[in-house]
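Asks: Okay, so here is work_33.cif, and as you'll see once you scroll down, it has mmCIF, C-alpha atoms.
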data_model
loop_
_atom_site.label_atom_id
_atom_site.label_comp_id
_atom_site.auth_asym_id
_atom_site.auth_seq_id
_atom_site.Cartn_x
_atom_site.Cartn_y
_atom_site.Cartn_z
CA MET A 27 32.48 189.22 177.41
CA PRO A 28 35.80 190.98 178.07
CA ASN A 29 38.22 191.02 175.15
CA ASN A 30 41.75 190.12 176.25
CA ASN A 31 43.18 190.06 172.74
CA GLY A 32 43.83 186.31 172.87
CA LYS A 33 46.23 186.50 175.80
CA THR A 34 47.46 183.08 176.86
CA VAL A 35 47.58 182.01 180.50
CA LEU A 36 49.53 178.97 181.70
CA ILE A 37 47.85 177.21 184.63
CA VAL A 38 50.29 175.14 186.68
CA ASP A 39 48.38 172.94 189.14
CA ASP A 40 48.32 169.20 189.85
CA GLU A 41 44.61 169.21 190.75
CA PRO A 42 42.79 168.42 187.44
CA ALA A 43 39.40 169.67 188.69
CA LEU A 44 40.77 173.05 189.73
CA ALA A 45 42.83 173.42 186.55
CA GLN A 46 39.76 172.65 184.44
CA LEU A 47 37.63 175.12 186.40
CA LEU A 48 40.21 177.86 185.96
CA SER A 49 40.44 177.10 182.24
CA ILE A 50 36.65 177.49 181.88
CA LEU A 51 36.59 180.73 183.90
CA LEU A 52 39.51 182.22 181.98
CA GLY A 53 38.00 181.16 178.67
CA SER A 54 34.78 182.98 179.57
CA HIS A 55 36.86 186.14 179.95
CA GLY A 56 38.56 185.83 176.59
CA TYR A 57 41.81 184.16 177.63
CA SER A 58 43.41 181.17 175.96
CA THR A 59 44.84 178.65 178.41
CA LYS A 60 47.47 175.95 178.68
CA VAL A 61 47.80 173.54 181.59
CA ALA A 62 50.83 171.91 183.25
CA SER A 63 50.46 169.54 186.19
CA THR A 64 54.12 169.45 187.30
CA GLY A 65 56.98 171.88 187.69
CA ARG A 66 58.96 170.12 184.99
CA GLN A 67 56.10 170.42 182.51
CA ALA A 68 55.73 174.11 183.36
CA LEU A 69 59.39 174.77 182.57
CA GLU A 70 59.11 172.83 179.30
CA VAL A 71 56.01 174.61 177.94
CA THR A 72 56.74 178.14 179.15
CA GLN A 73 57.85 180.32 176.26
CA PRO A 74 57.54 183.98 175.22
CA GLY A 75 54.04 183.32 173.80
CA ILE A 76 52.76 182.85 177.36
CA ASP A 77 51.36 186.14 178.71
CA LEU A 78 50.83 185.18 182.37
CA ILE A 79 51.36 182.17 184.64
CA LEU A 80 49.14 181.01 187.51
CA LEU A 81 51.56 178.89 189.52
CA ASP A 82 50.57 176.68 192.43
CA MET A 83 53.01 176.55 195.36
CA MET A 84 52.77 172.79 195.88
CA LEU A 85 53.59 170.55 192.92
CA PRO A 86 54.31 166.80 192.85
CA ASP A 87 57.91 167.04 191.65
CA PHE A 88 59.21 170.26 193.22
CA GLU A 89 57.96 173.47 194.82
CA GLY A 90 56.37 176.23 192.80
CA LEU A 91 58.96 178.61 194.25
CA LYS A 92 61.69 176.69 192.44
CA VAL A 93 59.75 176.93 189.18
CA CYS A 94 59.34 180.66 189.71
CA GLN A 95 63.02 181.09 190.44
CA GLN A 96 64.12 179.19 187.33
CA LEU A 97 61.70 181.08 185.07
CA LYS A 98 62.92 184.41 186.41
CA SER A 99 66.53 183.34 185.93
CA ASN A 100 65.96 182.56 182.24
CA SER A 101 66.34 185.52 179.87
CA GLU A 102 63.59 184.14 177.60
CA THR A 103 60.94 183.79 180.31
CA ARG A 104 61.92 186.28 183.03
CA ASP A 105 59.46 188.96 181.87
CA ILE A 106 56.40 186.69 181.97
CA PRO A 107 54.33 187.76 185.00
CA ILE A 108 53.61 185.10 187.63
CA ILE A 109 50.85 184.91 190.21
CA MET A 110 51.60 182.36 192.93
CA ILE A 111 48.53 180.48 194.19
CA SER A 112 48.63 178.65 197.51
CA GLY A 113 46.48 177.26 200.27
CA LYS A 114 49.11 178.37 202.79
CA GLN A 115 48.67 181.60 204.73
CA SER A 116 52.37 181.89 205.67
CA LYS A 117 53.76 185.41 205.51
CA ASN A 118 57.22 183.95 204.84
CA ASP A 119 55.93 182.18 201.70
CA ARG A 120 54.42 185.42 200.43
CA ILE A 121 57.63 187.35 201.05
CA GLU A 122 59.84 184.67 199.50
CA SER A 123 57.60 184.46 196.43
CA LEU A 124 57.80 188.18 195.81
CA TYR A 125 61.57 188.27 196.35
CA LEU A 126 61.99 185.46 193.83
CA GLY A 127 60.19 187.53 191.21
CA ALA A 128 56.52 186.58 191.51
CA ASP A 129 54.25 189.51 190.71
CA ASP A 130 51.49 188.58 193.14
CA TYR A 131 50.41 185.95 195.67
CA LEU A 132 46.83 184.72 195.96
CA THR A 133 45.62 182.48 198.78
CA LYS A 134 43.06 179.71 198.24
CA PRO A 135 40.09 179.83 198.33
CA PHE A 136 39.65 183.02 196.33
CA GLU A 137 36.84 184.73 194.48
CA PRO A 138 37.12 184.68 190.65
CA GLU A 139 36.53 188.45 190.59
CA GLU A 140 39.63 189.00 192.74
CA LEU A 141 41.73 186.78 190.46
CA PHE A 142 40.62 188.62 187.32
CA ALA A 143 41.21 192.00 188.95
CA ARG A 144 44.75 191.04 189.93
CA MET A 145 45.44 189.61 186.47
CA ASP A 146 44.17 192.77 184.79
CA VAL A 147 46.40 195.01 186.94
CA ILE A 148 49.49 192.88 186.34
CA LEU A 149 48.95 192.59 182.58
CA ARG A 150 48.41 196.34 182.25
CA ARG A 151 51.54 197.02 184.26
CA HIS A 152 53.61 194.72 182.08
CA HIS A 153 52.12 196.14 178.90
CA ASN A 154 53.10 199.66 179.95
CA SER A 155 56.61 198.64 181.00
CA SER A 156 59.06 197.92 178.23
CA GLN A 157 61.61 196.80 180.81
CA GLY A 158 59.52 194.09 182.48
CA VAL A 159 59.75 193.41 186.19
CA TYR A 160 63.52 193.37 186.58
CA ASN A 161 66.33 195.53 185.36
CA PRO A 162 69.45 193.86 183.89
CA GLN A 163 71.46 194.24 187.09
CA GLN A 164 68.81 192.36 189.08
CA GLN A 165 68.82 189.60 186.50
CA ASP A 166 72.61 189.30 186.72
CA ILE A 167 72.38 189.03 190.50
CA ILE A 168 69.71 186.32 190.36
CA CYS A 169 71.65 184.31 187.76
CA GLU A 170 74.85 184.56 189.80
CA LEU A 171 73.06 183.45 192.98
CA ARG A 172 71.64 180.50 191.06
CA ARG A 173 75.11 179.58 189.78
CA ILE A 174 76.62 179.78 193.28
CA ILE A 175 73.92 177.48 194.64
CA ASP A 176 74.03 174.99 191.77
CA GLU A 177 77.83 174.75 191.93
CA LYS A 178 77.96 174.96 195.74
CA ALA A 179 80.43 177.77 195.13
CA VAL A 180 80.77 178.80 198.77
CA ASN A 181 84.04 178.61 200.65
CA VAL A 182 84.07 178.34 204.42
CA CYS A 183 86.68 179.65 206.81
CA PHE A 184 86.93 179.49 210.58
CA GLN A 185 87.82 182.21 213.06
CA PRO A 186 89.16 180.87 216.37
CA ILE A 187 87.53 181.94 219.64
CA TYR A 188 89.74 181.83 222.74
CA PHE A 189 89.05 181.68 226.45
CA PHE A 190 91.26 184.24 228.19
CA LYS A 191 92.10 182.82 231.62
CA PRO A 192 93.87 180.58 230.92
CA MET A 193 94.33 181.32 227.22
CA ARG A 194 92.95 178.28 225.40
CA LEU A 195 90.91 177.46 222.34
CA MET A 196 87.14 177.53 222.85
CA GLY A 197 85.97 176.90 219.30
CA PHE A 198 85.47 178.40 215.87
CA GLU A 199 82.94 180.66 214.19
CA MET A 200 82.19 179.49 210.66
CA LEU A 201 82.22 182.23 208.00
CA SER A 202 80.92 181.74 204.45
CA ARG A 203 82.62 183.36 201.46
CA PRO A 204 81.05 183.11 197.96
CA GLN A 205 83.22 182.18 194.99
CA THR A 206 82.35 185.05 192.67
CA SER A 207 84.00 187.92 190.82
CA THR A 208 80.95 190.16 191.25
CA MET A 209 80.21 192.67 194.00
CA MET A 210 78.81 189.74 195.99
CA VAL A 211 82.37 188.77 196.85
CA ASN A 212 81.62 190.99 199.85
CA PRO A 213 79.86 188.60 202.28
CA GLU A 214 77.53 191.30 203.62
CA ILE A 215 76.30 192.10 200.10
CA PHE A 216 76.09 188.39 199.28
CA PHE A 217 73.83 187.57 202.21
CA LYS A 218 71.79 190.74 201.66
CA PHE A 219 70.92 189.58 198.15
CA ALA A 220 70.43 185.98 199.27
CA LEU A 221 67.79 187.25 201.71
CA LYS A 222 66.25 189.62 199.17
CA TYR A 223 65.79 186.95 196.52
CA GLY A 224 64.70 184.18 198.86
CA VAL A 225 67.72 181.85 198.65
CA TYR A 226 69.24 182.51 202.07
CA TYR A 227 68.42 179.01 203.30
CA ASP A 228 70.11 177.43 200.27
CA VAL A 229 73.37 179.37 200.52
CA GLU A 230 73.56 179.01 204.30
CA MET A 231 73.09 175.24 204.12
CA ILE A 232 75.97 174.93 201.64
CA GLY A 233 78.25 176.57 204.20
CA TRP A 234 76.86 174.61 207.13
CA ASN A 235 77.38 171.28 205.37
CA LYS A 236 80.97 172.11 204.51
CA ALA A 237 81.65 173.36 208.04
CA LEU A 238 80.19 170.23 209.64
CA LYS A 239 82.27 168.00 207.41
CA THR A 240 85.44 169.83 208.48
CA ALA A 241 84.48 169.90 212.16
CA CYS A 242 83.81 166.16 212.25
CA GLU A 243 87.18 165.48 210.63
CA VAL A 244 89.26 167.88 212.74
CA PHE A 245 87.68 168.59 216.14
CA ASP A 246 88.82 166.47 219.06
CA GLY A 247 85.69 166.88 221.21
CA ARG A 248 86.81 170.00 223.07
CA GLN A 249 86.04 172.63 220.43
CA LYS A 250 82.66 174.23 219.76
CA LEU A 251 81.32 175.18 216.34
CA PHE A 252 79.49 178.52 216.05
CA LEU A 253 77.05 178.76 213.12
CA ASN A 254 75.38 182.06 212.23
CA CYS A 255 71.63 181.66 212.45
CA ASP A 256 69.47 184.42 210.97
CA PRO A 257 65.80 184.87 212.07
CA TYR A 258 64.73 184.21 208.47
CA LEU A 259 66.37 180.78 208.69
CA VAL A 260 64.84 179.96 212.08
CA GLU A 261 61.34 180.96 210.93
CA SER A 262 61.59 178.89 207.73
CA ASP A 263 59.50 175.72 207.63
CA LYS A 264 62.69 173.93 206.58
CA PHE A 265 64.50 174.79 209.82
CA LYS A 266 63.12 171.76 211.68
CA ASN A 267 64.86 169.49 209.16
CA ILE A 268 68.30 170.89 210.00
CA LYS A 269 68.68 168.55 212.96
CA ASP A 270 68.94 165.61 210.57
CA MET A 271 71.96 167.24 208.95
CA PHE A 272 73.89 167.25 212.24
CA SER A 273 73.03 163.65 213.05
CA GLY A 274 73.97 162.67 209.50
CA TYR A 275 77.51 163.92 210.07
CA GLY A 276 77.66 162.45 213.58
CA MET A 277 78.15 165.92 215.08
CA PRO A 278 77.16 165.99 218.78
CA SER A 279 74.54 168.69 219.32
CA ASN A 280 76.24 169.91 222.50
CA GLU A 281 79.28 170.96 220.47
CA VAL A 282 77.21 173.33 218.32
CA PHE A 283 76.25 176.94 219.05
CA LEU A 284 73.49 178.49 216.95
CA GLU A 285 74.61 182.10 216.83
CA VAL A 286 71.54 184.31 216.46
CA THR A 287 72.33 187.14 214.06
CA GLU A 288 70.21 190.05 212.85
CA ARG A 289 70.60 190.19 209.08
CA SER A 290 66.79 190.22 208.89
CA ALA A 291 64.09 191.15 211.36
CA VAL A 292 62.13 188.64 213.43
CA ILE A 293 58.61 188.40 212.00
CA ALA A 294 56.95 185.72 214.14
CA TYR A 295 58.45 186.13 217.63
CA ASP A 296 56.63 183.26 219.33
CA ALA A 297 57.58 180.74 216.64
CA PHE A 298 61.15 182.07 216.50
CA PHE A 299 61.84 181.66 220.21
CA GLU A 300 59.94 178.36 220.43
CA ARG A 301 62.04 176.79 217.67
CA LEU A 302 65.26 177.87 219.34
CA ARG A 303 64.08 176.39 222.63
CA ASP A 304 63.25 173.16 220.81
CA PHE A 305 66.86 172.96 219.54
CA ARG A 306 68.18 173.65 223.03
CA ASP A 307 66.05 170.80 224.39
CA ASP A 308 67.95 168.55 221.98
CA GLY A 309 71.32 169.69 223.33
CA PHE A 310 72.21 172.60 221.03
CA LYS A 311 73.61 175.76 222.61
CA ILE A 312 72.53 179.31 221.78
CA ALA A 313 74.67 182.42 221.37
CA VAL A 314 73.34 185.94 220.78
CA ASP A 315 75.45 188.06 218.45
CA ASP A 316 76.10 191.82 218.46
CA VAL A 317 74.98 192.46 222.02
CA GLY A 318 75.07 196.16 222.74
CA ALA A 319 74.07 197.12 219.20
CA GLY A 320 70.40 197.68 219.99
CA TYR A 321 67.23 196.77 221.85
CA SER A 322 66.46 193.68 219.80
CA SER A 323 69.57 191.80 220.93
CA LEU A 324 68.75 192.56 224.56
CA GLU A 325 65.22 191.28 224.03
CA ALA A 326 66.67 188.11 222.52
CA ILE A 327 68.80 187.58 225.66
CA VAL A 328 65.71 187.81 227.87
CA GLN A 329 63.68 185.42 225.74
CA ILE A 330 66.37 182.89 224.82
CA LYS A 331 68.56 182.90 227.95
CA PRO A 332 71.64 182.01 225.90
CA GLU A 333 74.78 180.24 227.03
CA VAL A 334 76.96 182.81 225.23
CA ILE A 335 76.62 186.46 224.33
CA LYS A 336 78.98 188.18 221.89
CA LEU A 337 79.80 191.84 222.38
CA GLU A 338 79.31 193.91 219.24
CA ARG A 339 82.60 194.81 217.54
CA GLN A 340 81.84 198.54 217.43
CA ILE A 341 81.78 198.59 221.24
CA ILE A 342 85.08 196.70 221.40
CA SER A 343 86.91 198.82 218.82
CA GLY A 344 88.81 201.59 220.61
CA MET A 345 87.27 200.81 224.00
CA SER A 346 90.66 201.08 225.72
CA ALA A 347 90.49 204.85 225.13
CA ASP A 348 86.72 205.25 225.62
CA PRO A 349 85.41 205.27 229.22
CA PHE A 350 81.80 205.16 228.03
CA LYS A 351 82.38 201.92 226.10
CA ARG A 352 84.20 200.42 229.06
CA SER A 353 81.25 201.21 231.33
CA ILE A 354 78.86 199.40 228.98
CA ILE A 355 81.16 196.37 228.88
CA LYS A 356 81.39 196.33 232.69
CA LEU A 357 77.60 196.19 232.95
CA ILE A 358 77.34 193.33 230.45
CA VAL A 359 80.15 191.38 232.12
CA SER A 360 78.41 191.74 235.48
CA PHE A 361 75.14 190.55 234.00
CA CYS A 362 76.85 187.54 232.44
CA ARG A 363 78.52 186.52 235.70
CA GLU A 364 75.23 186.72 237.59
CA ASN A 365 73.51 184.51 235.00
CA SER A 366 76.34 182.04 234.19
CA ILE A 367 76.67 183.29 230.61
CA VAL A 368 79.99 183.27 228.76
CA CYS A 369 80.85 186.78 227.51
CA VAL A 370 82.76 186.85 224.20
CA ALA A 371 84.27 190.01 222.68
CA GLU A 372 84.28 190.25 218.89
CA GLY A 373 86.58 192.34 216.73
CA ILE A 374 89.67 192.49 218.98
CA GLU A 375 92.26 194.15 216.76
CA ASN A 376 95.02 195.48 219.04
CA ARG A 377 96.88 194.78 222.27
CA GLN A 378 95.45 197.83 224.07
CA ASP A 379 91.85 196.69 223.74
CA PHE A 380 92.81 193.11 224.54
CA ASP A 381 94.54 194.11 227.81
CA VAL A 382 91.54 196.16 228.97
CA LEU A 383 89.13 193.32 228.17
CA LEU A 384 91.20 191.08 230.44
CA GLU A 385 90.99 193.69 233.20
CA LEU A 386 87.22 194.00 232.80
CA GLY A 387 86.73 190.24 233.15
CA VAL A 388 85.50 189.38 229.68
CA ASP A 389 85.63 185.59 229.36
CA ALA A 390 86.68 185.06 225.76
CA GLY A 391 87.24 186.77 222.44
CA GLN A 392 87.98 186.66 218.76
CA GLY A 393 89.48 189.07 216.27
CA TYR A 394 92.45 189.75 214.03
CA TYR A 395 94.74 190.39 217.00
CA LEU A 396 94.19 186.81 218.17
CA SER A 397 93.80 185.12 214.79
CA ARG A 398 92.46 185.87 211.35
CA PRO A 399 89.93 183.44 209.84
CA VAL A 400 91.65 180.35 208.43
CA ASP A 401 90.78 178.00 205.59
CA HIS A 402 92.42 175.01 207.24
CA ILE A 403 92.31 174.19 210.95
CA ASP A 404 95.54 173.12 212.66
CA LEU A 405 94.50 172.36 216.22
CA SER A 406 98.04 171.73 217.44
CA ALA A 407 99.09 175.24 216.40
CA MET A 408 95.94 176.90 217.74
CA GLN A 409 95.43 175.27 221.11
CA GLU A 410 97.30 177.93 223.03
CA LEU A 411 98.33 181.50 222.50
CA HIS A 412 101.08 183.19 224.49
CA PHE A 413 101.35 186.96 224.92
#
Would you mind writing the file's structure down as structure tokens?
Replies:
Amino acid sequence: MPNNNGKTVLIVDDEPALAQLLSILLGSHGYSTKVASTGRQALEVTQPGIDLILLDMMLPDFEGLKVCQQLKSNSETRDIPIIMISGKQSKNDRIESLYLGADDYLTKPFEPEELFARMDVILRRHHNSSQGVYNPQQQDIICELRRIIDEKAVNVCFQPIYFFKPMRLMGFEMLSRPQTSTMMVNPEIFFKFALKYGVYYDVEMIGWNKALKTACEVFDGRQKLFLNCDPYLVESDKFKNIKDMFSGYGMPSNEVFLEVTERSAVIAYDAFFERLRDFRDDGFKIAVDDVGAGYSSLEAIVQIKPEVIKLERQIISGMSADPFKRSIIKLIVSFCRENSIVCVAEGIENRQDFDVLLELGVDAGQGYYLSRPVDHIDLSAMQELHF
């Protein structure tokens, strides 16, 4: 019988038969065991004396991922290794588990030999590492992300988008800004870490809820709301529930543009495009962001057939003095006209670029030259711009 020096394993599973079987198997290999049948019980009994946790993904009170996240956010339990166990084959679940701090992910059904082999590797790795899984900076980031989510500490601002001929307000792109004094005050860094540690859905939904509340209070039926929509969000199993949020606020679906961004890569292309088409069937509009930045955005245009495309800001910046950039914009404008797509230029920062965009026939635009993002929307002051 292997000697595991009395190491204690916490089994978190709401199926009594499976928990008992695992306890017997682990006992035969020299482990001591404790059992918790809910996420709440797991958080209550987990302490430094626990050497490893076998954590089921689906629990009766809340998801195993939430338990994992809370344990890894606690300085007293963050170094305890966790193996997630699930009957789901989803690649997204595996990725999210690992980003949240889980050390491994095992899919049911599994052979006992594979479980013991994985446990042995993880326990040896932790024994040889005095620092545990995370360094202090990672722990600070995770704790700050948790605080932001718990306190809903996300501000939203709105950047106006204007049609050019005639100059009139088309709508607003919602931008999220975290309330933090850390390096995550930079939105790009904030969303990068939100994706890395598996909380992108949570932080995005805080911003979306606040934006919808404002839009329903302020919009007069003529403005459109643009919401950034990352592939990670679309591919999430939770994405299908987002429709209820819009109906809950009374926001007409035809006033909403889901703006496909590329903070993360598309993993499941068929599911990604099918879910977007499902939203369009319910009246939502689709915009593709950063067109001209690479092949993937062009592929998205072909698959999605969006109502709006947004020209990448690096193409717009300085294009008045760059014939090559102007040629690219001409081609995209021509394509948009042939396919009844609205062409929007992002990042307009000076009069020279603005004038050339008008000459090239770009339909609409946004940028600091037209308006900076605003915390409060005053439709009467924004309806028209005069140059």
Asks: So how far away is atom CA of Glu214 of chain A from atom CA of Gln340 of chain A, in Å?
Replies: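 Distance reported for this atom pair: 16.2 Å.
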Asks: List the spatial neighbours of Cys183 of chain A as a list in words - criterion: any atom at most 6 Å away, all atoms listed in the file, same-chain residues fewer than 2 positions off excluded.
Replies: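 Skipping anything fewer than 2 positions along the chain leaves Met200, Leu201, Pro399, Val400 and Asp401 of chain A.
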Asks: Using the chain letters and numbers from the file, which residues does the PyMOL selection byres ((chain A and resi 52-59) around 12) grab, as a PyMOL selection string?
Replies: chain A and resi 27-38+45-51+60-62+71-72+75-80+138-139+141-143+145-146
Asks: Can you list, as a ChimeraX atom specification, every protein, DNA or RNA residue that comes within 12 Å of Asp40 of chain A when you count only C-alpha atoms, leaving out same-chain residues fewer than 4 positions away?
Replies: /A:44-46,61-68,81-90
Asks: Can you list, as a PyMOL selection string, every protein, DNA or RNA residue that comes within 10 Å of Lys191 of chain A when you count all atoms listed in the file, leaving out same-chain residues fewer than 6 positions away?
Replies: chain A and resi 384+387-390
Asks: Please provide the set of residues having any atom within 12 Å of Asp404 of chain A, restricted to all atoms listed in the file, with same-chain residues fewer than 2 positions apart removed, written as a PyMOL selection string.
Replies: chain A and resi 184-186+195+198+240-241+243-246+400-402+406-410
Asks: Any idea what the distance is between atom CA of Tyr295 of chain A and atom CA of Phe310 of chain A?
Replies: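 A separation of 19.6 Å between them.
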Asks: Taking into account all atoms listed in the file, which residue in the set A:Phe136, A:Phe283, A:Phe272, A:Trp234 is nearest to Arg306 of chain A?
Replies: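 Comparing A:Phe136, A:Phe283, A:Phe272, A:Trp234 against Arg306 of chain A, the winner is A:Phe283.
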Asks: Please compute the atom CA of Ala297 of chain A-atom CA of Leu126 of chain A distance, one decimal, in Å.
Replies: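 Between atom CA of Ala297 of chain A and atom CA of Leu126 of chain A the gap is 23.7 Å.
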Asks: Pick out the closest residue to Ala237 of chain A from this set: A:Ile403, A:Pro332, A:Ser346, A:Gln73. Count all atoms listed in the file.
Replies: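 Looking only at the distances to Ala237 of chain A, the closest residue turns out to be A:Ile403.
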Asks: For this file, the PyMOL selection byres ((chain A and resi 361-378) around 8) selects which residues, as a CSV table (one decimal) with C-alpha atoms, keeping the file's coordinate frame?
Replies:
chain,number,residue,atom,x,y,z
A,332,PRO,CA,71.6,182.0,225.9
A,333,GLU,CA,74.8,180.2,227.0
A,334,VAL,CA,77.0,182.8,225.2
A,335,ILE,CA,76.6,186.5,224.3
A,336,LYS,CA,79.0,188.2,221.9
A,337,LEU,CA,79.8,191.8,222.4
A,338,GLU,CA,79.3,193.9,219.2
A,339,ARG,CA,82.6,194.8,217.5
A,340,GLN,CA,81.8,198.5,217.4
A,342,ILE,CA,85.1,196.7,221.4
A,343,SER,CA,86.9,198.8,218.8
A,346,SER,CA,90.7,201.1,225.7
A,357,LEU,CA,77.6,196.2,233.0
A,358,ILE,CA,77.3,193.3,230.4
A,359,VAL,CA,80.2,191.4,232.1
A,360,SER,CA,78.4,191.7,235.5
A,379,ASP,CA,91.8,196.7,223.7
A,380,PHE,CA,92.8,193.1,224.5
A,381,ASP,CA,94.5,194.1,227.8
A,382,VAL,CA,91.5,196.2,229.0
A,388,VAL,CA,85.5,189.4,229.7
A,389,ASP,CA,85.6,185.6,229.4
A,390,ALA,CA,86.7,185.1,225.8
A,391,GLY,CA,87.2,186.8,222.4
A,392,GLN,CA,88.0,186.7,218.8
A,393,GLY,CA,89.5,189.1,216.3
A,394,TYR,CA,92.4,189.8,214.0
A,395,TYR,CA,94.7,190.4,217.0
A,396,LEU,CA,94.2,186.8,218.2
Asks: Using the chain letters and numbering of this document, enumerate as a ChimeraX atom specification the residues selected by the PyMOL selection byres ((chain A and resi 299) around 10).
Replies: /A:257,260-261,292,294-298,300-304,326,329-330
Asks: When distances are computed from all atoms listed in the file, which of A:Phe350, A:Ile174, A:Asn100, A:Tyr226 shows the smallest separation from Thr206 of chain A?
Replies: A:Ile174
Asks: Pick out the closest residue to Ile108 of chain A from this set: A:Arg144, A:Arg172, A:Lys239, A:Lys269. Count only C-alpha atoms.
Replies: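 With only C-alpha atoms as the atom set, the closest residue is A:Arg144.
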Asks: Which residue gives the smallest distance to Thr287 of chain A among A:Val314, A:Met271, A:Asp307, A:Lys134, with all atoms listed in the file counted?
Replies: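 Between A:Val314, A:Met271, A:Asp307, A:Lys134, the residue approaching Thr287 of chain A most closely is A:Val314.
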Asks: How would segment 46-66 of chain A read, as a PDB file, in the frame of the given file, once N, CA and C atoms are built in?
Replies:
ATOM      1  N   GLN A  46      40.837 172.585 185.429  1.00  0.00           N
ATOM      2  CA  GLN A  46      39.760 172.650 184.440  1.00  0.00           C
ATOM      3  C   GLN A  46      38.822 173.812 184.741  1.00  0.00           C
ATOM      4  N   LEU A  47      38.501 174.006 186.013  1.00  0.00           N
ATOM      5  CA  LEU A  47      37.630 175.120 186.400  1.00  0.00           C
ATOM      6  C   LEU A  47      38.238 176.456 186.035  1.00  0.00           C
ATOM      7  N   LEU A  48      39.523 176.602 186.313  1.00  0.00           N
ATOM      8  CA  LEU A  48      40.210 177.860 185.960  1.00  0.00           C
ATOM      9  C   LEU A  48      40.226 178.060 184.453  1.00  0.00           C
ATOM     10  N   SER A  49      40.425 176.994 183.705  1.00  0.00           N
ATOM     11  CA  SER A  49      40.440 177.100 182.240  1.00  0.00           C
ATOM     12  C   SER A  49      39.088 177.602 181.734  1.00  0.00           C
ATOM     13  N   ILE A  50      37.993 177.072 182.303  1.00  0.00           N
ATOM     14  CA  ILE A  50      36.650 177.490 181.880  1.00  0.00           C
ATOM     15  C   ILE A  50      36.417 178.958 182.230  1.00  0.00           C
ATOM     16  N   LEU A  51      36.784 179.340 183.458  1.00  0.00           N
ATOM     17  CA  LEU A  51      36.590 180.730 183.900  1.00  0.00           C
ATOM     18  C   LEU A  51      37.398 181.687 183.039  1.00  0.00           C
ATOM     19  N   LEU A  52      38.658 181.344 182.786  1.00  0.00           N
ATOM     20  CA  LEU A  52      39.510 182.220 181.980  1.00  0.00           C
ATOM     21  C   LEU A  52      39.007 182.301 180.544  1.00  0.00           C
ATOM     22  N   GLY A  53      38.537 181.160 180.016  1.00  0.00           N
ATOM     23  CA  GLY A  53      38.000 181.160 178.670  1.00  0.00           C
ATOM     24  C   GLY A  53      36.785 182.065 178.542  1.00  0.00           C
ATOM     25  N   SER A  54      35.957 182.111 179.594  1.00  0.00           N
ATOM     26  CA  SER A  54      34.780 182.980 179.570  1.00  0.00           C
ATOM     27  C   SER A  54      35.149 184.455 179.582  1.00  0.00           C
ATOM     28  N   HIS A  55      36.378 184.755 179.935  1.00  0.00           N
ATOM     29  CA  HIS A  55      36.860 186.140 179.950  1.00  0.00           C
ATOM     30  C   HIS A  55      37.787 186.432 178.776  1.00  0.00           C
ATOM     31  N   GLY A  56      37.804 185.553 177.793  1.00  0.00           N
ATOM     32  CA  GLY A  56      38.560 185.830 176.590  1.00  0.00           C
ATOM     33  C   GLY A  56      39.997 185.383 176.575  1.00  0.00           C
ATOM     34  N   TYR A  57      40.427 184.637 177.585  1.00  0.00           N
ATOM     35  CA  TYR A  57      41.810 184.160 177.630  1.00  0.00           C
ATOM     36  C   TYR A  57      41.916 182.786 176.974  1.00  0.00           C
ATOM     37  N   SER A  58      43.047 182.527 176.347  1.00  0.00           N
ATOM     38  CA  SER A  58      43.410 181.170 175.960  1.00  0.00           C
ATOM     39  C   SER A  58      44.214 180.573 177.106  1.00  0.00           C
ATOM     40  N   THR A  59      44.146 179.261 177.273  1.00  0.00           N
ATOM     41  CA  THR A  59      44.840 178.650 178.410  1.00  0.00           C
ATOM     42  C   THR A  59      45.646 177.437 177.981  1.00  0.00           C
ATOM     43  N   LYS A  60      46.712 177.186 178.736  1.00  0.00           N
ATOM     44  CA  LYS A  60      47.470 175.950 178.680  1.00  0.00           C
ATOM     45  C   LYS A  60      47.581 175.441 180.103  1.00  0.00           C
ATOM     46  N   VAL A  61      47.747 174.134 180.254  1.00  0.00           N
ATOM     47  CA  VAL A  61      47.800 173.540 181.590  1.00  0.00           C
ATOM     48  C   VAL A  61      49.042 172.671 181.723  1.00  0.00           C
ATOM     49  N   ALA A  62      49.721 172.794 182.872  1.00  0.00           N
ATOM     50  CA  ALA A  62      50.830 171.910 183.250  1.00  0.00           C
ATOM     51  C   ALA A  62      50.550 171.404 184.652  1.00  0.00           C
ATOM     52  N   SER A  63      50.783 170.127 184.872  1.00  0.00           N
ATOM     53  CA  SER A  63      50.460 169.540 186.190  1.00  0.00           C
ATOM     54  C   SER A  63      51.690 169.341 187.061  1.00  0.00           C
ATOM     55  N   THR A  64      52.889 169.589 186.518  1.00  0.00           N
ATOM     56  CA  THR A  64      54.120 169.450 187.300  1.00  0.00           C
ATOM     57  C   THR A  64      55.028 170.638 187.026  1.00  0.00           C
ATOM     58  N   GLY A  65      56.006 170.812 187.898  1.00  0.00           N
ATOM     59  CA  GLY A  65      56.980 171.880 187.690  1.00  0.00           C
ATOM     60  C   GLY A  65      57.793 171.663 186.440  1.00  0.00           C
ATOM     61  N   ARG A  66      58.150 170.424 186.171  1.00  0.00           N
ATOM     62  CA  ARG A  66      58.960 170.120 184.990  1.00  0.00           C
ATOM     63  C   ARG A  66      58.193 170.449 183.713  1.00  0.00           C
TER      64      ARG A  66
END
